[in-house]
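Presented below is the structure to which this report refers.
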Amino acid sequence: MAAARARRGTVAELFPHQVAGHGVLLRYHGKVAKPSIPQEKAFYENDEARRIFGKFMCTYYGTEVLRQMLSGRHEEGPVYQEHLLLEDITQGFEKPCILDIKMGQRQHGDDASEEKKRKMIAKCARTTSALLGVRLCGLRVYNSSDESYSFRDKHYGRRLDEEGFAKAIAEYSSCDGSVLSGVVLKFLEKLREMEQTFRHQKSFRLYSTSLLFVYEGGCSPDSDAKADVRIIDFAHSNALTDENKDVDHGYLVGLSTMVRCFERVLAENKN
């Protein structure tokens, strides 16, 4: 296990609610510390990106160099790495139930090598990404009956077909067999707002970003439970040149899928 320290010695803990992603996330002074990648840092600091997507993004607080000591490598000394400091949307949740959905029908960035492109296109084709514009990367749901969590990972998500994906969204939207209607309605409101934005914005492509959903576990079905959804992971996002500007149809397919799945959850709950 890795421990990380700021240059002045303040300990940054491992972030306890990570359900997907390649890098290790840390919790530092109430914020999420994520290893910095130049393209993602540039996106967070882009005024136009913040104007268009700011209300859907986690707040960006700048960067901090953290000193990381990896187990088994103490003899090599510490590794210093710049981290992005981001809003922790799970803060204030006692039992956060989390869903990470990879968005879009294309996953590779413009900077990808030909080999990387082929691999990512093939992955999209054999999963729900190509057809639905979404892929489940991680899920965690609280079960109040036995006070435990159920988990699903990216390998589970890659095996899903269209019906299996819809059932996974239904699983996430329920607690002990009861649909959390209040939570689902909040998600739908935010998703429809995102759809409006993506129907008009032609300035950016958010390749390989995710939607991160969170709600308070253990709540009653119709309660006004805490819930939120944000767009995360901008390492492969980029601005478009004037001649290439167009609506991101693949991302809209994904948003439409999410709306349809949550609407189905509510419709089936009424029957």
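Identifiers for the structure tokens are assigned positionally: chains receive A, B, ... in sequence, residues are indexed from 1 per chain, and ligands are indexed from 1 in the order shown.
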Checklist entry - Got a sec to tell me which of segment 106-191 of chain A DSSP assigns to helix (DSSP H, G or I), as a ChimeraX atom specification? => result /A:114-125,128-132,154-159,162-172,181-191
Can you check which parts of segment 55-120 of chain A lie within 9 Å of segment 199-219 of chain A? Per residue, the shortest pair of atoms and distance in Å to one decimal, counting only C-alpha atoms, sorted by chain and number, as JSON lines.
```
{"residue": "A:Ile89", "atom": "CA", "partner": "A:Val214", "partner_atom": "CA", "distance": 7.8}
{"residue": "A:Thr90", "atom": "CA", "partner": "A:Val214", "partner_atom": "CA", "distance": 6.9}
{"residue": "A:Phe93", "atom": "CA", "partner": "A:Glu216", "partner_atom": "CA", "distance": 5.9}
{"residue": "A:Glu94", "atom": "CA", "partner": "A:Glu216", "partner_atom": "CA", "distance": 6.9}
{"residue": "A:Lys95", "atom": "CA", "partner": "A:Gly217", "partner_atom": "CA", "distance": 5.0}
{"residue": "A:Pro96", "atom": "CA", "partner": "A:Glu216", "partner_atom": "CA", "distance": 5.1}
{"residue": "A:Cys97", "atom": "CA", "partner": "A:Tyr215", "partner_atom": "CA", "distance": 5.4}
{"residue": "A:Ile98", "atom": "CA", "partner": "A:Val214", "partner_atom": "CA", "distance": 4.6}
{"residue": "A:Leu99", "atom": "CA", "partner": "A:Phe213", "partner_atom": "CA", "distance": 5.0}
{"residue": "A:Asp100", "atom": "CA", "partner": "A:Leu212", "partner_atom": "CA", "distance": 4.8}
{"residue": "A:Ile101", "atom": "CA", "partner": "A:Leu211", "partner_atom": "CA", "distance": 5.2}
{"residue": "A:Lys102", "atom": "CA", "partner": "A:Ser210", "partner_atom": "CA", "distance": 4.3}
{"residue": "A:Met103", "atom": "CA", "partner": "A:Ser210", "partner_atom": "CA", "distance": 5.4}
{"residue": "A:Gly104", "atom": "CA", "partner": "A:Tyr207", "partner_atom": "CA", "distance": 6.9}
{"residue": "A:Gln105", "atom": "CA", "partner": "A:Tyr207", "partner_atom": "CA", "distance": 8.8}
{"residue": "A:Arg106", "atom": "CA", "partner": "A:Tyr207", "partner_atom": "CA", "distance": 6.5}
{"residue": "A:Gln107", "atom": "CA", "partner": "A:Ser208", "partner_atom": "CA", "distance": 4.6}
{"residue": "A:His108", "atom": "CA", "partner": "A:Tyr207", "partner_atom": "CA", "distance": 6.3}
{"residue": "A:Gly109", "atom": "CA", "partner": "A:Tyr207", "partner_atom": "CA", "distance": 5.9}
{"residue": "A:Asp110", "atom": "CA", "partner": "A:Tyr207", "partner_atom": "CA", "distance": 8.8}
```
Using DSSP on the backbone coordinates, identify the residues of segment 82-190 of chain A assigned to strand (DSSP E); present them as a short mmCIF file (atom, residue, chain, number, x, y, z; two decimals) with C-alpha atoms, in the first residue's frame.
```cif
data_model
loop_
_atom_site.label_atom_id
_atom_site.label_comp_id
_atom_site.auth_asym_id
_atom_site.auth_seq_id
_atom_site.Cartn_x
_atom_site.Cartn_y
_atom_site.Cartn_z
CA GLU A 82 2.17 16.71 -8.97
CA HIS A 83 -1.48 16.03 -8.15
CA LEU A 84 -4.64 17.79 -9.19
CA LEU A 85 -6.73 18.84 -6.19
CA LEU A 86 -10.41 18.28 -6.92
CA GLU A 87 -13.71 18.53 -5.11
CA PRO A 96 -21.91 6.70 -0.51
CA CYS A 97 -23.27 4.47 -3.27
CA ILE A 98 -21.18 5.08 -6.37
CA LEU A 99 -21.50 4.37 -10.08
CA ASP A 100 -18.78 5.08 -12.68
CA ILE A 101 -19.93 5.06 -16.32
CA LYS A 102 -17.48 5.50 -19.20
CA MET A 103 -19.10 7.78 -21.76
CA VAL A 134 -21.81 3.85 -22.21
CA ARG A 135 -19.87 1.18 -20.33
CA LEU A 136 -20.04 0.32 -16.65
CA CYS A 137 -16.61 0.69 -15.02
CA GLY A 138 -17.47 0.36 -11.34
CA LEU A 139 -20.42 0.16 -8.97
CA ARG A 140 -20.90 0.07 -5.22
CA VAL A 141 -24.30 -0.21 -3.51
CA TYR A 142 -25.09 -0.27 0.20
CA ASN A 143 -27.32 -3.06 1.51
CA SER A 148 -22.69 -4.45 3.63
CA TYR A 149 -21.74 -3.23 0.16
CA SER A 150 -22.19 -4.96 -3.19
CA PHE A 151 -19.47 -4.29 -5.77
CA ARG A 152 -19.18 -4.57 -9.56
CA SER A 174 -32.44 0.15 -5.58
CA CYS A 175 -31.89 -0.52 -1.90
CA SER A 178 -36.95 -0.98 -3.32
CA VAL A 179 -36.43 1.58 -6.10
#
```
Item to check | Spatial neighbours of Cys58 of chain A, max dist 12 Å, only C-alpha atoms, sep filter under 2 positions, as JSON, numbers by chain | outcome: {"A": [31, 32, 33, 44, 50, 53, 54, 55, 56, 60, 61, 62, 84, 85, 86, 87, 88, 89, 90, 211, 212, 228, 229, 230, 231, 232, 233, 234]}
With N, CA and C atoms retained, write the just-selected residues as a PDB file, in the first residue's frame.
```
ATOM      1  N   LYS A  31      -9.964  17.071  -0.019  1.00  0.00           N
ATOM      2  CA  LYS A  31     -10.076  17.086  -1.469  1.00  0.00           C
ATOM      3  C   LYS A  31      -9.543  15.777  -2.041  1.00  0.00           C
ATOM      4  N   VAL A  32      -9.917  15.479  -3.251  1.00  0.00           N
ATOM      5  CA  VAL A  32      -9.379  14.327  -3.966  1.00  0.00           C
ATOM      6  C   VAL A  32      -8.108  14.762  -4.676  1.00  0.00           C
ATOM      7  N   ALA A  33      -7.020  14.045  -4.442  1.00  0.00           N
ATOM      8  CA  ALA A  33      -5.748  14.317  -5.108  1.00  0.00           C
ATOM      9  C   ALA A  33      -5.528  13.251  -6.178  1.00  0.00           C
ATOM     10  N   TYR A  44      -8.891  21.511 -17.040  1.00  0.00           N
ATOM     11  CA  TYR A  44      -9.442  22.134 -15.832  1.00  0.00           C
ATOM     12  C   TYR A  44      -9.134  23.628 -15.780  1.00  0.00           C
ATOM     13  N   ARG A  50     -14.473  25.541 -18.643  1.00  0.00           N
ATOM     14  CA  ARG A  50     -15.172  25.782 -17.369  1.00  0.00           C
ATOM     15  C   ARG A  50     -16.504  26.505 -17.614  1.00  0.00           C
ATOM     16  N   PHE A  53     -18.806  23.530 -19.178  1.00  0.00           N
ATOM     17  CA  PHE A  53     -19.036  22.315 -18.394  1.00  0.00           C
ATOM     18  C   PHE A  53     -18.912  22.512 -16.882  1.00  0.00           C
ATOM     19  N   GLY A  54     -18.614  23.731 -16.443  1.00  0.00           N
ATOM     20  CA  GLY A  54     -18.277  23.960 -15.042  1.00  0.00           C
ATOM     21  C   GLY A  54     -19.278  23.404 -14.055  1.00  0.00           C
ATOM     22  N   LYS A  55     -20.571  23.535 -14.322  1.00  0.00           N
ATOM     23  CA  LYS A  55     -21.580  23.065 -13.369  1.00  0.00           C
ATOM     24  C   LYS A  55     -21.679  21.549 -13.316  1.00  0.00           C
ATOM     25  N   PHE A  56     -21.041  20.872 -14.275  1.00  0.00           N
ATOM     26  CA  PHE A  56     -21.045  19.404 -14.281  1.00  0.00           C
ATOM     27  C   PHE A  56     -19.713  18.818 -13.804  1.00  0.00           C
ATOM     28  N   TYR A  60     -12.115  22.568  -9.249  1.00  0.00           N
ATOM     29  CA  TYR A  60     -10.654  22.405  -9.348  1.00  0.00           C
ATOM     30  C   TYR A  60      -9.980  23.421  -8.443  1.00  0.00           C
ATOM     31  N   TYR A  61      -9.079  22.942  -7.570  1.00  0.00           N
ATOM     32  CA  TYR A  61      -8.417  23.800  -6.588  1.00  0.00           C
ATOM     33  C   TYR A  61      -6.929  23.985  -6.867  1.00  0.00           C
ATOM     34  N   GLY A  62      -6.476  23.645  -8.049  1.00  0.00           N
ATOM     35  CA  GLY A  62      -5.057  23.790  -8.364  1.00  0.00           C
ATOM     36  C   GLY A  62      -4.308  22.487  -8.162  1.00  0.00           C
ATOM     37  N   LEU A  84      -3.530  16.867  -9.089  1.00  0.00           N
ATOM     38  CA  LEU A  84      -4.644  17.793  -9.193  1.00  0.00           C
ATOM     39  C   LEU A  84      -5.468  17.696  -7.918  1.00  0.00           C
ATOM     40  N   LEU A  85      -5.869  18.824  -7.366  1.00  0.00           N
ATOM     41  CA  LEU A  85      -6.734  18.841  -6.187  1.00  0.00           C
ATOM     42  C   LEU A  85      -8.155  19.151  -6.646  1.00  0.00           C
ATOM     43  N   LEU A  86      -9.051  18.200  -6.403  1.00  0.00           N
ATOM     44  CA  LEU A  86     -10.410  18.282  -6.918  1.00  0.00           C
ATOM     45  C   LEU A  86     -11.442  18.131  -5.796  1.00  0.00           C
ATOM     46  N   GLU A  87     -12.601  18.672  -6.038  1.00  0.00           N
ATOM     47  CA  GLU A  87     -13.714  18.534  -5.109  1.00  0.00           C
ATOM     48  C   GLU A  87     -14.048  17.059  -4.885  1.00  0.00           C
ATOM     49  N   ASP A  88     -14.259  16.696  -3.634  1.00  0.00           N
ATOM     50  CA  ASP A  88     -14.675  15.335  -3.280  1.00  0.00           C
ATOM     51  C   ASP A  88     -16.193  15.328  -3.150  1.00  0.00           C
ATOM     52  N   ILE A  89     -16.896  14.832  -4.166  1.00  0.00           N
ATOM     53  CA  ILE A  89     -18.353  14.886  -4.121  1.00  0.00           C
ATOM     54  C   ILE A  89     -18.937  13.833  -3.183  1.00  0.00           C
ATOM     55  N   THR A  90     -18.104  12.932  -2.656  1.00  0.00           N
ATOM     56  CA  THR A  90     -18.600  11.978  -1.662  1.00  0.00           C
ATOM     57  C   THR A  90     -18.534  12.561  -0.246  1.00  0.00           C
ATOM     58  N   LEU A 211     -19.124   9.528 -16.195  1.00  0.00           N
ATOM     59  CA  LEU A 211     -20.097  10.114 -15.292  1.00  0.00           C
ATOM     60  C   LEU A 211     -19.952   9.414 -13.954  1.00  0.00           C
ATOM     61  N   LEU A 212     -19.792  10.200 -12.897  1.00  0.00           N
ATOM     62  CA  LEU A 212     -19.679   9.656 -11.551  1.00  0.00           C
ATOM     63  C   LEU A 212     -20.952  10.000 -10.783  1.00  0.00           C
ATOM     64  N   ASP A 228     -25.908  13.138  -6.466  1.00  0.00           N
ATOM     65  CA  ASP A 228     -25.181  14.034  -7.369  1.00  0.00           C
ATOM     66  C   ASP A 228     -24.605  13.211  -8.508  1.00  0.00           C
ATOM     67  N   VAL A 229     -24.295  13.880  -9.607  1.00  0.00           N
ATOM     68  CA  VAL A 229     -23.597  13.245 -10.730  1.00  0.00           C
ATOM     69  C   VAL A 229     -22.712  14.297 -11.376  1.00  0.00           C
ATOM     70  N   ARG A 230     -21.474  13.934 -11.677  1.00  0.00           N
ATOM     71  CA  ARG A 230     -20.503  14.838 -12.298  1.00  0.00           C
ATOM     72  C   ARG A 230     -19.774  14.131 -13.440  1.00  0.00           C
ATOM     73  N   ILE A 231     -19.216  14.939 -14.326  1.00  0.00           N
ATOM     74  CA  ILE A 231     -18.316  14.436 -15.373  1.00  0.00           C
ATOM     75  C   ILE A 231     -16.898  14.478 -14.817  1.00  0.00           C
ATOM     76  N   ILE A 232     -16.158  13.376 -14.965  1.00  0.00           N
ATOM     77  CA  ILE A 232     -14.794  13.286 -14.446  1.00  0.00           C
ATOM     78  C   ILE A 232     -13.857  12.706 -15.514  1.00  0.00           C
ATOM     79  N   ASP A 233     -12.574  12.797 -15.252  1.00  0.00           N
ATOM     80  CA  ASP A 233     -11.512  12.167 -16.063  1.00  0.00           C
ATOM     81  C   ASP A 233     -11.378  12.804 -17.454  1.00  0.00           C
ATOM     82  N   PHE A 234     -10.642  13.905 -17.517  1.00  0.00           N
ATOM     83  CA  PHE A 234     -10.508  14.679 -18.754  1.00  0.00           C
ATOM     84  C   PHE A 234      -9.136  14.526 -19.412  1.00  0.00           C
TER      85      PHE A 234
END
```
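Surrounding segment 159-168 of chain A within 10 Å are Leu99, Arg126, Thr127, Thr128, Ser129, Leu131, Leu132, Val134, Arg135, Leu136, Leu139, Arg152, Lys154, His155, Tyr172, Ser173, Thr257, Met258, Arg260, Cys261, Phe262, Arg264 and Val265 of chain A, with only C-alpha atoms counted and residues fewer than 4 positions along the same chain left out.
The space between atom CA of Ser181 of chain A and atom CA of Asn269 of chain A spans 8.6 Å.
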Checklist entry - When you draw a straight line from atom CA of His29 of chain A to atom CA of Leu14 of chain A, how long is it in Å? => result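 One can read the atom CA of His29 of chain A to atom CA of Leu14 of chain A distance as 11.9 Å.
Take the candidates A:Asp224, A:Lys119, A:Glu147, A:Val184 and check each one against Ala267 of chain A using only C-alpha atoms; the shortest distance goes to A:Val184.
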Item to check | Pairwise distance for atom CA of Ser113 of chain A and atom CA of Ala125 of chain A, rounded to one decimal in Å | outcome: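 Between atom CA of Ser113 of chain A and atom CA of Ala125 of chain A the gap works out to 18.2 Å.
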Item to check | Nearest to Lys186 of chain A, chosen from A:Arg118, A:Leu240, A:Gln18, A:Val259, with only C-alpha atoms counted in the distances | outcome: A:Val259
Checklist entry - With only C-alpha atoms as the basis for distance, which of A:Tyr28, A:Ala130, A:His236, A:Leu266 is at the shortest distance from Lys41 of chain A? => result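 Ranked by minimum distance to Lys41 of chain A, first place goes to A:His236.
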Item to check | Pick from A:Val253, A:Gly21, A:Gly92, A:Asp111 nearest to Ser237 of chain A, counting only C-alpha atoms | outcome: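 Answer, going by the shortest atom-to-atom distance: A:Asp111.
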